[in-house]
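To start, the structure itself, in structure tokens.
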Amino acid sequence: MKMILLGPPGAGKGTQAKLISERYSIPHISTGDIFRKNISQKTSLGIKAKEYIDKGQLVPDELTIDIVNDRLAEQDCKNGFLLDGFPRTVKQAEALEDFLRKNNQKIDTALLINVPSEFILERMTGRRVCPSCGASYHIKFNPPKSEEKCDACGSDIVQRKDDTEETVKDRIDVYEKQTQPLADYYKSKDQLFVVDGTQSIDEVFETICRHMESEK
Ligand code: AP5
Ligand code: MG
Ligand code: ZN
């Protein structure tokens, strides 16, 4: 199963990706997580990416495409993968298609988690993440069992630096201008499936699974 997850900031891509990757045993590849890991390790990629991410801008395609191609060439992606947050521009989508074509592969489903912008701010500002294992929580919609601690590993959970109100507004803007056109791109290839992301986390997951089972 080769899937990509599309959707605005806070749509629940990371939340659903974790569930999907466990259910179908495919690696979850998040470009946002890769960049954040590089930022915390202060690699040269991390230093370059931080400039853009902190402002809510996209990291340039030249930096992003190669990272994904390298990751997809790894052995664990042979039988499928789930891309979360990539592609985000038409150029990235074309690069992905080229890469897969060279390996006689193609995307099965581009899953768009649709959430109107009025829901996004509350989701973003209430999000907390675990810096150690990457788990994601929400203080109201998906709180950890023990306040301020990660259920999975016990680390202190924190707020992402780009989850401030001002940066979130910029991220929504960037999404609408640069990423939203991908819905039409995948629709024209008959690969798009849209799920209503305003449902509960469990309901969104069930809808996705029903669709994936029907595609088999
Ligand atoms: P990235 O990390 O991908 O951020 P994003 O796309 O803005 O999406 P988020 O991670 O913020 O949201 P999500 O959809 O994963 O939602 P989540 O599941 O956490 O990218 C960050 C930055 O990196 C970008 O701005 C860019 O600079 C750079 N970047 C990354 N990829 C790039 C690329 N390909 N090209 C260029 N630059 C790139 O959920 C959000 C919150 O809501 C959580 O608290 C969760 O618990 C809660 N929640 C989830 N689902 C529900 C629900 N159904 N009901 C209620 N609450 C819910
Ligand atoms: Mg995410
Ligand atoms: Zn953790």
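Numbering starts fresh at 1 for the residues of each chain in the structure tokens, the chains themselves are lettered A, B, ... in the order given, and ligands are numbered from 1 as they appear.
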
- Please check which protein, DNA or RNA residues sit within 12 Å of ligand 2, counting only C-alpha atoms and all ligand atoms, and write them as a VMD selection string. chain A and resid 5 to 18 28 to 36 83 to 86 113 123 to 124 127 to 129 134 to 137 160 162 to 163

- Message: Taking only chain A into account, list the residues labelled alpha helix (DSSP H) by DSSP (computed from the backbone), as a ChimeraX atom specification.
- Response: /A:13-24,31-40,44-53,61-72,90-102,117-125,165-174,181-188,201-215

Include C-alpha atoms and write out the residues we just selected as an mmCIF file, in the first residue's frame.
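The result, written out as result.cif:
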data_model
loop_
_atom_site.group_PDB
_atom_site.id
_atom_site.type_symbol
_atom_site.label_atom_id
_atom_site.label_comp_id
_atom_site.auth_asym_id
_atom_site.auth_seq_id
_atom_site.Cartn_x
_atom_site.Cartn_y
_atom_site.Cartn_z
ATOM 1 C CA LYS A 13 -2.297 13.805 9.335
ATOM 2 C CA GLY A 14 0.236 12.767 11.972
ATOM 3 C CA THR A 15 -2.470 11.359 14.264
ATOM 4 C CA GLN A 16 -3.985 9.214 11.504
ATOM 5 C CA ALA A 17 -0.604 8.283 10.020
ATOM 6 C CA LYS A 18 0.413 6.623 13.271
ATOM 7 C CA LEU A 19 -2.797 4.551 13.351
ATOM 8 C CA ILE A 20 -2.625 3.635 9.647
ATOM 9 C CA SER A 21 1.024 2.651 9.780
ATOM 10 C CA GLU A 22 0.352 0.328 12.736
ATOM 11 C CA ARG A 23 -2.750 -1.217 11.178
ATOM 12 C CA TYR A 24 -1.183 -1.875 7.765
ATOM 13 C CA THR A 31 8.938 15.326 6.246
ATOM 14 C CA GLY A 32 8.014 17.617 9.146
ATOM 15 C CA ASP A 33 9.345 15.022 11.629
ATOM 16 C CA ILE A 34 12.526 14.542 9.555
ATOM 17 C CA PHE A 35 13.155 18.306 9.570
ATOM 18 C CA ARG A 36 12.449 18.611 13.302
ATOM 19 C CA LYS A 37 14.856 15.764 14.049
ATOM 20 C CA ASN A 38 17.544 17.524 11.997
ATOM 21 C CA ILE A 39 16.821 20.793 13.781
ATOM 22 C CA SER A 40 17.219 19.210 17.195
ATOM 23 C CA SER A 44 23.258 21.517 8.215
ATOM 24 C CA LEU A 45 19.864 20.503 6.792
ATOM 25 C CA GLY A 46 18.280 21.342 10.150
ATOM 26 C CA ILE A 47 19.889 24.762 10.276
ATOM 27 C CA LYS A 48 18.647 25.588 6.767
ATOM 28 C CA ALA A 49 15.148 24.166 7.316
ATOM 29 C CA LYS A 50 14.618 25.962 10.632
ATOM 30 C CA GLU A 51 14.666 29.352 8.937
ATOM 31 C CA TYR A 52 11.609 28.442 6.885
ATOM 32 C CA ILE A 53 9.720 26.316 9.402
ATOM 33 C CA ASP A 61 11.766 21.795 -2.970
ATOM 34 C CA GLU A 62 15.500 21.241 -3.690
ATOM 35 C CA LEU A 63 16.090 20.409 -0.032
ATOM 36 C CA THR A 64 12.964 18.330 0.398
ATOM 37 C CA ILE A 65 12.741 16.086 -2.672
ATOM 38 C CA ASP A 66 16.135 14.369 -2.259
ATOM 39 C CA ILE A 67 15.462 13.541 1.376
ATOM 40 C CA VAL A 68 12.244 11.780 0.467
ATOM 41 C CA ASN A 69 13.784 9.937 -2.478
ATOM 42 C CA ASP A 70 16.578 8.661 -0.226
ATOM 43 C CA ARG A 71 14.082 7.529 2.397
ATOM 44 C CA LEU A 72 11.869 5.768 -0.176
ATOM 45 C CA VAL A 90 3.085 20.335 -7.603
ATOM 46 C CA LYS A 91 6.837 20.129 -8.202
ATOM 47 C CA GLN A 92 7.199 17.690 -5.296
ATOM 48 C CA ALA A 93 4.250 15.639 -6.591
ATOM 49 C CA GLU A 94 5.856 15.387 -10.032
ATOM 50 C CA ALA A 95 9.196 14.422 -8.525
ATOM 51 C CA LEU A 96 7.512 11.695 -6.492
ATOM 52 C CA GLU A 97 5.737 10.362 -9.559
ATOM 53 C CA ASP A 98 9.019 10.298 -11.504
ATOM 54 C CA PHE A 99 10.816 8.502 -8.718
ATOM 55 C CA LEU A 100 8.101 5.865 -8.396
ATOM 56 C CA ARG A 101 7.796 5.402 -12.152
ATOM 57 C CA LYS A 102 11.504 4.593 -12.368
ATOM 58 C CA SER A 117 -9.824 26.676 8.665
ATOM 59 C CA GLU A 118 -12.084 27.667 11.598
ATOM 60 C CA PHE A 119 -11.233 24.363 13.349
ATOM 61 C CA ILE A 120 -7.521 24.634 12.817
ATOM 62 C CA LEU A 121 -6.444 27.254 15.321
ATOM 63 C CA GLU A 122 -7.899 25.421 18.328
ATOM 64 C CA ARG A 123 -6.313 22.183 17.206
ATOM 65 C CA MET A 124 -2.910 23.765 16.716
ATOM 66 C CA THR A 125 -2.705 25.837 19.859
ATOM 67 C CA GLU A 165 -1.455 31.753 16.469
ATOM 68 C CA GLU A 166 0.534 34.002 14.140
ATOM 69 C CA THR A 167 2.593 31.227 12.520
ATOM 70 C CA VAL A 168 -0.456 28.981 12.172
ATOM 71 C CA LYS A 169 -2.187 31.703 10.136
ATOM 72 C CA ASP A 170 0.840 31.866 7.817
ATOM 73 C CA ARG A 171 0.881 28.068 7.519
ATOM 74 C CA ILE A 172 -2.798 28.015 6.529
ATOM 75 C CA ASP A 173 -2.089 30.658 3.907
ATOM 76 C CA VAL A 174 0.851 28.695 2.507
ATOM 77 C CA PRO A 181 -3.829 22.531 -5.838
ATOM 78 C CA LEU A 182 -2.621 18.964 -5.223
ATOM 79 C CA ALA A 183 -6.207 17.885 -4.548
ATOM 80 C CA ASP A 184 -7.030 18.566 -8.212
ATOM 81 C CA TYR A 185 -3.738 17.017 -9.294
ATOM 82 C CA TYR A 186 -4.635 13.678 -7.655
ATOM 83 C CA LYS A 187 -8.315 13.927 -8.523
ATOM 84 C CA SER A 188 -7.423 14.111 -12.207
ATOM 85 C CA ILE A 201 -10.121 10.698 15.628
ATOM 86 C CA ASP A 202 -11.669 7.191 15.735
ATOM 87 C CA GLU A 203 -14.331 8.037 13.167
ATOM 88 C CA VAL A 204 -11.772 9.463 10.746
ATOM 89 C CA PHE A 205 -9.653 6.327 11.142
ATOM 90 C CA GLU A 206 -12.625 4.006 10.563
ATOM 91 C CA THR A 207 -13.586 5.886 7.396
ATOM 92 C CA ILE A 208 -10.029 5.600 6.098
ATOM 93 C CA CYS A 209 -9.830 1.875 6.867
ATOM 94 C CA ARG A 210 -13.170 1.184 5.177
ATOM 95 C CA HIS A 211 -11.882 2.915 2.074
ATOM 96 C CA MET A 212 -8.552 1.067 2.100
ATOM 97 C CA GLU A 213 -10.304 -2.308 2.535
ATOM 98 C CA SER A 214 -12.642 -1.555 -0.368
ATOM 99 C CA GLU A 215 -9.641 -0.771 -2.593
#

- Å distance separating CA of Lys42 (chain A) from atom 10 (O, counted along the ligand's line) of ligand 1, one decimal place: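 Here the two named atoms are 20.2 Å from each other.
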
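Around ligand 3, the neighbouring residues within 9 Å, taking only C-alpha atoms and all ligand atoms, come to Val129, Cys130, Pro131, Ser132, Cys133, Gly134, Ala135, Ser136, Lys149, Cys150, Asp151, Ala152, Cys153, Gly154, Ser155, Asp156 and Ile157 of chain A.
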
- Message: Just checking: using only C-alpha atoms and all ligand atoms, which residue out of A:Arg88, A:Lys189, A:Lys145, A:Lys216 ends up closest to ligand 1?
- Response: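 Of A:Arg88, A:Lys189, A:Lys145, A:Lys216, the one nearest ligand 1 is A:Arg88, counting only C-alpha atoms and all ligand atoms.
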
- Neighbours of Asp108 (chain A) within 8 Å (only C-alpha atoms; same-chain residues fewer than 2 positions away dropped), as number ranges by chain? A: 1-3, 106, 110, 191

Residues just named, written with all heavy atoms as an mmCIF file, in the first residue's frame:
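Result file is selection19.cif:
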data_model
loop_
_atom_site.group_PDB
_atom_site.id
_atom_site.type_symbol
_atom_site.label_atom_id
_atom_site.label_comp_id
_atom_site.auth_asym_id
_atom_site.auth_seq_id
_atom_site.Cartn_x
_atom_site.Cartn_y
_atom_site.Cartn_z
ATOM 1 N N MET A 1 0.827 -1.191 0.000
ATOM 2 C CA MET A 1 0.000 0.000 0.000
ATOM 3 C C MET A 1 0.877 1.263 0.000
ATOM 4 O O MET A 1 1.721 1.412 0.866
ATOM 5 C CB MET A 1 -0.844 -0.038 1.284
ATOM 6 C CG MET A 1 -1.865 1.046 1.357
ATOM 7 S SD MET A 1 -2.692 0.962 2.937
ATOM 8 C CE MET A 1 -3.615 -0.552 2.786
ATOM 9 N N LYS A 2 0.652 2.080 -1.027
ATOM 10 C CA LYS A 2 1.450 3.315 -1.106
ATOM 11 C C LYS A 2 0.503 4.502 -1.033
ATOM 12 O O LYS A 2 -0.296 4.719 -1.936
ATOM 13 C CB LYS A 2 2.254 3.352 -2.408
ATOM 14 C CG LYS A 2 3.237 2.204 -2.473
ATOM 15 C CD LYS A 2 3.952 2.111 -3.783
ATOM 16 C CE LYS A 2 4.648 0.770 -3.878
ATOM 17 N NZ LYS A 2 3.716 -0.353 -4.120
ATOM 18 N N MET A 3 0.645 5.223 0.055
ATOM 19 C CA MET A 3 -0.331 6.285 0.326
ATOM 20 C C MET A 3 0.347 7.597 0.602
ATOM 21 O O MET A 3 1.439 7.632 1.166
ATOM 22 C CB MET A 3 -1.068 5.957 1.621
ATOM 23 C CG MET A 3 -2.255 5.081 1.480
ATOM 24 S SD MET A 3 -2.818 4.704 3.144
ATOM 25 C CE MET A 3 -3.955 6.010 3.380
ATOM 26 N N LYS A 106 3.484 3.129 -8.313
ATOM 27 C CA LYS A 106 2.689 4.353 -8.281
ATOM 28 C C LYS A 106 1.921 4.440 -6.969
ATOM 29 O O LYS A 106 1.786 3.441 -6.253
ATOM 30 C CB LYS A 106 1.763 4.451 -9.494
ATOM 31 C CG LYS A 106 0.603 3.510 -9.517
ATOM 32 C CD LYS A 106 -0.223 3.825 -10.753
ATOM 33 C CE LYS A 106 -1.603 3.197 -10.787
ATOM 34 N NZ LYS A 106 -2.435 3.267 -9.627
ATOM 35 N N ALA A 110 -4.256 9.011 -2.589
ATOM 36 C CA ALA A 110 -3.923 10.292 -1.969
ATOM 37 C C ALA A 110 -5.111 10.648 -1.082
ATOM 38 O O ALA A 110 -6.212 10.878 -1.572
ATOM 39 C CB ALA A 110 -3.714 11.365 -3.030
ATOM 40 N N GLN A 191 -6.953 9.309 -8.021
ATOM 41 C CA GLN A 191 -6.307 8.725 -6.838
ATOM 42 C C GLN A 191 -6.777 9.387 -5.537
ATOM 43 O O GLN A 191 -6.373 8.981 -4.466
ATOM 44 C CB GLN A 191 -4.781 8.894 -6.956
ATOM 45 C CG GLN A 191 -4.181 8.035 -8.061
ATOM 46 C CD GLN A 191 -2.741 8.409 -8.354
ATOM 47 O OE1 GLN A 191 -2.352 9.572 -8.320
ATOM 48 N NE2 GLN A 191 -1.935 7.411 -8.669
#

- For Asp190 (chain A), the nearest of the candidates A:Gln75, A:Gln159, A:Asn114, A:Thr109, counting only C-alpha atoms: A:Thr109

- Message: Would you compute the distance between CA of Val115 (chain A) and CA of Gln199 (chain A)? Give it in Å to one decimal.
- Response: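 Going from CA of Val115 (chain A) over to CA of Gln199 (chain A) covers 9.3 Å.
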
- Which value, in Å to one decimal, gives the distance between CA of Pro116 (chain A) and CA of Asp196 (chain A)?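 The value is 9.6 Å.
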